[in-house]
Amino acid sequence: MSSTMEVELTATNVLHSHPPGESATPPATDDEKKLESVEGSPVVDSSKSSRAPSAVFAATTPAMRRKANIQFATLCWSLFMAGWNDGTTGPLLPRIQSVYHVGFAIVSLIFVFNCVGFVTGAAANVWLTERFGFGVVMVIGSMAQVIGYAIEAPAPPFPALVLGYAINGFGLSLQDAGANGFVASLTDNATTKMGILHAVYGVGALSSPLVATQFAQLPRWSFHYLVSLGVALSNVILLTAVFRFKDQDTCLAEIGQTPTHEDESSANDKYGQMFKLRELHLLAVFILIYVGIEVTLGGWIVTYVIQLRGGGPSSGYISSGFFGGLTLGRVGLLWVNKKVGERRAIFLYSILAIALELVIWLVPSLIGGGIAVSFVGVLLGPIYPIVMNHAARVLPPWLLTGCIGWIAGFGQAGSALIPFVTGALASRVGIKSLQPLLVSMMGFMVFLWALVPSSPRRVD
């Protein structure tokens, strides 16, 4: 019996024997191999090549998940800064007009030069990212905001104030493009994270009017920009500490994700490929109109309510109500987006928003109008993240970051262009032109969305 057991044990040892120098552990499973390849990958070391292997999988260790959460939270803070900036101007507009003795048309130059900054940033983003990398470009954008606020804080002559807005727009454009492109490239809950990212934008846009409304009534009204400067400095510190000037592939590799599509094209080749895409132009113009509506309503509604509805100095809080609705909609309506379908949801939200805008226009009620403005914010809120998620489905994966950057950056120009058009119209026919303009722009937005392809772009 003992002899038989020894033979069996010997046979077992032979079957499980290993050549010298190899571990005597069982063969690794596919998941373990993936984990080993990420943990031992040299891609995480920023001193080496930033090109990552062609594999995509979610963060697989607690350290990676923690790193992913920190990266996402930092990008959320950048979008908070963007929302803070966009929510600031509306409550300060009446005070800027009175301090500088300018009318609607001249004060709207703020939006024109803001637009110049946005478009310049959108056009330069692909080249800058290709040349310097994601981490460096994000810090450049945040530093531009610091410079812009530093110019605006001492209430300089009007041309210098306008220049500050242009520099600020350039910085915001780079950050908006980078943050949206990064989150759209994630494979772990990208849809939900895009909604949260833009909900945080709404929190920033909700918070700043609360502060700006108070400063607008003080002698040192421009010190509001000092508060903004402090927030912008914290943004610079976070972006530097978290991303450490690394490119996007390296940052994604650190959280266990590497690109599925590699492309060694130069920046010029990428520009050529991108601008041949019909989907890109439709989505960019759609976002331009959408962002323009969002910022115009959040900004000019304060002047509209004061002049046509008899609102007092605290009318700036209506702007906060709008951006509060925007924030709520981006998180609270996620379940509706899934239930109805994201494409149909945009048609539904847009039509309901048009109906509420007609109420604000035709019913002369201060309280009713203020409530309706908040509900318009709720309905408009989910549209931006839905469009970014849709872009990730219909655009080529190897061009996704550049395309998302262009859509976000070019679209941000709408936050300057349409408010300027509103100011130009108001100087001719009065602020009563605000609501007809918003209704027509929302209708055009519905038309554009009908033209956007619903199926993913075929990749050969």
# chains A, B, ... in the order shown; residues from 1 in each chain; ligands from 1
$ residues_around --residues "A:Cys76" --least-positions-apart "6" --cutoff "9 Å" --atoms "only C-alpha atoms" --output "list in words"
Ala179, Ile196, Leu197, His198, Ala199, Val200 and Tyr201 of chain A
$ write_last_selection --atoms "N, CA, C and O atoms" --output "PDB file, in the first residue's frame"
ATOM      1  N   ALA A 179     -10.707  68.080 -20.005  1.00  0.00           N
ATOM      2  CA  ALA A 179     -11.516  67.332 -19.041  1.00  0.00           C
ATOM      3  C   ALA A 179     -12.554  66.459 -19.742  1.00  0.00           C
ATOM      4  O   ALA A 179     -12.726  65.279 -19.413  1.00  0.00           O
ATOM      5  N   ILE A 196     -21.934  63.508 -13.891  1.00  0.00           N
ATOM      6  CA  ILE A 196     -21.450  64.097 -12.628  1.00  0.00           C
ATOM      7  C   ILE A 196     -20.516  65.268 -12.906  1.00  0.00           C
ATOM      8  O   ILE A 196     -20.580  66.313 -12.239  1.00  0.00           O
ATOM      9  N   LEU A 197     -19.614  65.097 -13.884  1.00  0.00           N
ATOM     10  CA  LEU A 197     -18.662  66.153 -14.238  1.00  0.00           C
ATOM     11  C   LEU A 197     -19.386  67.459 -14.538  1.00  0.00           C
ATOM     12  O   LEU A 197     -19.016  68.534 -14.036  1.00  0.00           O
ATOM     13  N   HIS A 198     -20.443  67.362 -15.331  1.00  0.00           N
ATOM     14  CA  HIS A 198     -21.160  68.583 -15.712  1.00  0.00           C
ATOM     15  C   HIS A 198     -22.159  69.034 -14.654  1.00  0.00           C
ATOM     16  O   HIS A 198     -22.565  70.202 -14.649  1.00  0.00           O
ATOM     17  N   ALA A 199     -22.520  68.127 -13.750  1.00  0.00           N
ATOM     18  CA  ALA A 199     -23.304  68.559 -12.589  1.00  0.00           C
ATOM     19  C   ALA A 199     -22.446  69.456 -11.705  1.00  0.00           C
ATOM     20  O   ALA A 199     -22.922  70.454 -11.153  1.00  0.00           O
ATOM     21  N   VAL A 200     -21.162  69.113 -11.577  1.00  0.00           N
ATOM     22  CA  VAL A 200     -20.252  69.939 -10.777  1.00  0.00           C
ATOM     23  C   VAL A 200     -20.064  71.307 -11.437  1.00  0.00           C
ATOM     24  O   VAL A 200     -19.952  72.328 -10.743  1.00  0.00           O
ATOM     25  N   TYR A 201     -20.039  71.338 -12.776  1.00  0.00           N
ATOM     26  CA  TYR A 201     -20.058  72.633 -13.481  1.00  0.00           C
ATOM     27  C   TYR A 201     -21.260  73.452 -13.003  1.00  0.00           C
ATOM     28  O   TYR A 201     -21.149  74.648 -12.719  1.00  0.00           O
TER      29      TYR A 201
END
$ residues_around --residues "A:Gly135" --least-positions-apart "3" --cutoff "8 Å" --atoms "only C-alpha atoms" --output "list in words"
Met138, Val139, Leu239, Thr240, Phe243, Arg244, Phe245, Lys246, Asp247 and Gln248 of chain A
$ write_last_selection --atoms "N, CA and C atoms" --output "JSON list (two decimals), in the first residue's frame"
[["chain", "number", "residue", "atom", "x", "y", "z"],
["A", 138, "MET", "N", -3.43, 71.31, -19.42],
["A", 138, "MET", "CA", -4.39, 71.63, -18.37],
["A", 138, "MET", "C", -3.84, 72.70, -17.43],
["A", 139, "VAL", "N", -2.55, 72.60, -17.10],
["A", 139, "VAL", "CA", -1.95, 73.61, -16.22],
["A", 139, "VAL", "C", -1.83, 74.96, -16.93],
["A", 239, "LEU", "N", -4.25, 70.44, -10.32],
["A", 239, "LEU", "CA", -3.89, 69.87, -11.62],
["A", 239, "LEU", "C", -2.42, 69.50, -11.68],
["A", 240, "THR", "N", -1.58, 70.34, -11.09],
["A", 240, "THR", "CA", -0.13, 70.06, -11.08],
["A", 240, "THR", "C", 0.18, 68.85, -10.21],
["A", 243, "PHE", "N", -1.86, 65.36, -11.92],
["A", 243, "PHE", "CA", -1.47, 64.87, -13.25],
["A", 243, "PHE", "C", 0.03, 65.02, -13.53],
["A", 244, "ARG", "N", 0.72, 65.86, -12.79],
["A", 244, "ARG", "CA", 2.18, 65.97, -12.84],
["A", 244, "ARG", "C", 2.72, 66.11, -14.27],
["A", 245, "PHE", "N", 2.02, 66.88, -15.09],
["A", 245, "PHE", "CA", 2.45, 67.23, -16.44],
["A", 245, "PHE", "C", 2.57, 66.01, -17.37],
["A", 246, "LYS", "N", 1.90, 64.90, -17.02],
["A", 246, "LYS", "CA", 1.96, 63.69, -17.85],
["A", 246, "LYS", "C", 0.93, 63.75, -18.97],
["A", 247, "ASP", "N", 1.15, 62.95, -20.03],
["A", 247, "ASP", "CA", 0.16, 62.94, -21.10],
["A", 247, "ASP", "C", -1.00, 62.02, -20.72],
["A", 248, "GLN", "N", -2.05, 62.03, -21.56],
["A", 248, "GLN", "CA", -3.28, 61.33, -21.20],
["A", 248, "GLN", "C", -3.07, 59.82, -21.15]]
$ atom_distance --atom1 "atom CA of A:Lys432" --atom2 "atom CA of A:His224"
28.6 Å
$ closest_residue --among "A:Gly414, A:Gly171, A:Gly370, A:Gly164" --to "A:Glu152" --atoms "only C-alpha atoms"
A:Gly164
$ residues_around --residues "A:Phe215" --least-positions-apart "5" --cutoff "10 Å" --atoms "only C-alpha atoms" --output "list in words"
Pro91, Leu92, Arg95, Pro209, Leu210, Arg220, Trp221, Ser222, Phe223, His224 and Tyr225 of chain A
$ closest_residue --among "A:Ile110, A:Ala413, A:Ile407, A:Val146" --to "A:Glu279" --atoms "only C-alpha atoms"
A:Ile407
$ residues_around --residues "A:Arg344" --least-positions-apart "5" --cutoff "12 Å" --atoms "only C-alpha atoms" --output "list in words"
Val336, Asn337, Lys338, Lys339, Tyr349, Ser350, Ile351, Ile383, Ile386, Val387, Val446, Trp449, Ala450 and Ser454 of chain A
$ write_last_selection --atoms "N, CA and C atoms" --output "mmCIF file, in the first residue's frame"
data_model
loop_
_atom_site.group_PDB
_atom_site.id
_atom_site.type_symbol
_atom_site.label_atom_id
_atom_site.label_comp_id
_atom_site.auth_asym_id
_atom_site.auth_seq_id
_atom_site.Cartn_x
_atom_site.Cartn_y
_atom_site.Cartn_z
ATOM 1 N N VAL A 336 -34.057 59.079 -16.338
ATOM 2 C CA VAL A 336 -34.946 59.359 -17.480
ATOM 3 C C VAL A 336 -34.189 59.140 -18.786
ATOM 4 N N ASN A 337 -32.929 59.564 -18.818
ATOM 5 C CA ASN A 337 -32.115 59.368 -20.025
ATOM 6 C C ASN A 337 -32.042 57.884 -20.389
ATOM 7 N N LYS A 338 -31.851 57.027 -19.378
ATOM 8 C CA LYS A 338 -31.757 55.594 -19.634
ATOM 9 C C LYS A 338 -33.107 55.005 -20.026
ATOM 10 N N LYS A 339 -34.174 55.497 -19.403
ATOM 11 C CA LYS A 339 -35.511 54.958 -19.660
ATOM 12 C C LYS A 339 -36.008 55.331 -21.057
ATOM 13 N N TYR A 349 -36.593 67.101 -23.748
ATOM 14 C CA TYR A 349 -36.178 68.207 -22.888
ATOM 15 C C TYR A 349 -36.242 69.546 -23.619
ATOM 16 N N SER A 350 -35.829 69.557 -24.871
ATOM 17 C CA SER A 350 -35.793 70.809 -25.635
ATOM 18 C C SER A 350 -37.198 71.368 -25.856
ATOM 19 N N ILE A 351 -38.126 70.488 -26.203
ATOM 20 C CA ILE A 351 -39.507 70.944 -26.465
ATOM 21 C C ILE A 351 -40.149 71.470 -25.174
ATOM 22 N N ILE A 383 -28.487 67.844 -21.252
ATOM 23 C CA ILE A 383 -28.208 67.822 -22.693
ATOM 24 C C ILE A 383 -26.717 67.763 -22.989
ATOM 25 N N ILE A 386 -25.095 64.337 -22.366
ATOM 26 C CA ILE A 386 -25.625 63.369 -23.339
ATOM 27 C C ILE A 386 -24.907 63.519 -24.670
ATOM 28 N N VAL A 387 -24.707 64.760 -25.110
ATOM 29 C CA VAL A 387 -24.035 64.992 -26.384
ATOM 30 C C VAL A 387 -22.600 64.470 -26.350
ATOM 31 N N VAL A 446 -33.046 71.954 -31.750
ATOM 32 C CA VAL A 446 -33.805 70.736 -32.046
ATOM 33 C C VAL A 446 -33.561 70.293 -33.494
ATOM 34 N N TRP A 449 -30.111 68.698 -33.830
ATOM 35 C CA TRP A 449 -30.035 67.373 -33.236
ATOM 36 C C TRP A 449 -30.653 66.314 -34.150
ATOM 37 N N ALA A 450 -31.663 66.700 -34.906
ATOM 38 C CA ALA A 450 -32.277 65.773 -35.852
ATOM 39 C C ALA A 450 -31.310 65.385 -36.962
ATOM 40 N N SER A 454 -27.420 58.891 -35.593
ATOM 41 C CA SER A 454 -27.734 58.178 -34.356
ATOM 42 C C SER A 454 -26.909 56.924 -34.170
#
$ residues_around --residues "stretch 63-69 of chain A" --least-positions-apart "5" --cutoff "7 Å" --atoms "only C-alpha atoms" --output "PyMOL selection string"
chain A and resi 254-256
$ residues_around --residues "A:Leu437" --least-positions-apart "6" --cutoff "12 Å" --atoms "only C-alpha atoms" --output "ChimeraX atom specification"
/A:289,292-293,296-297,300,354,357-358,361,418-426,431,443-444
$ atom_distance --atom1 "atom CA of A:Ser433" --atom2 "atom CA of A:Val378"
23.1 Å
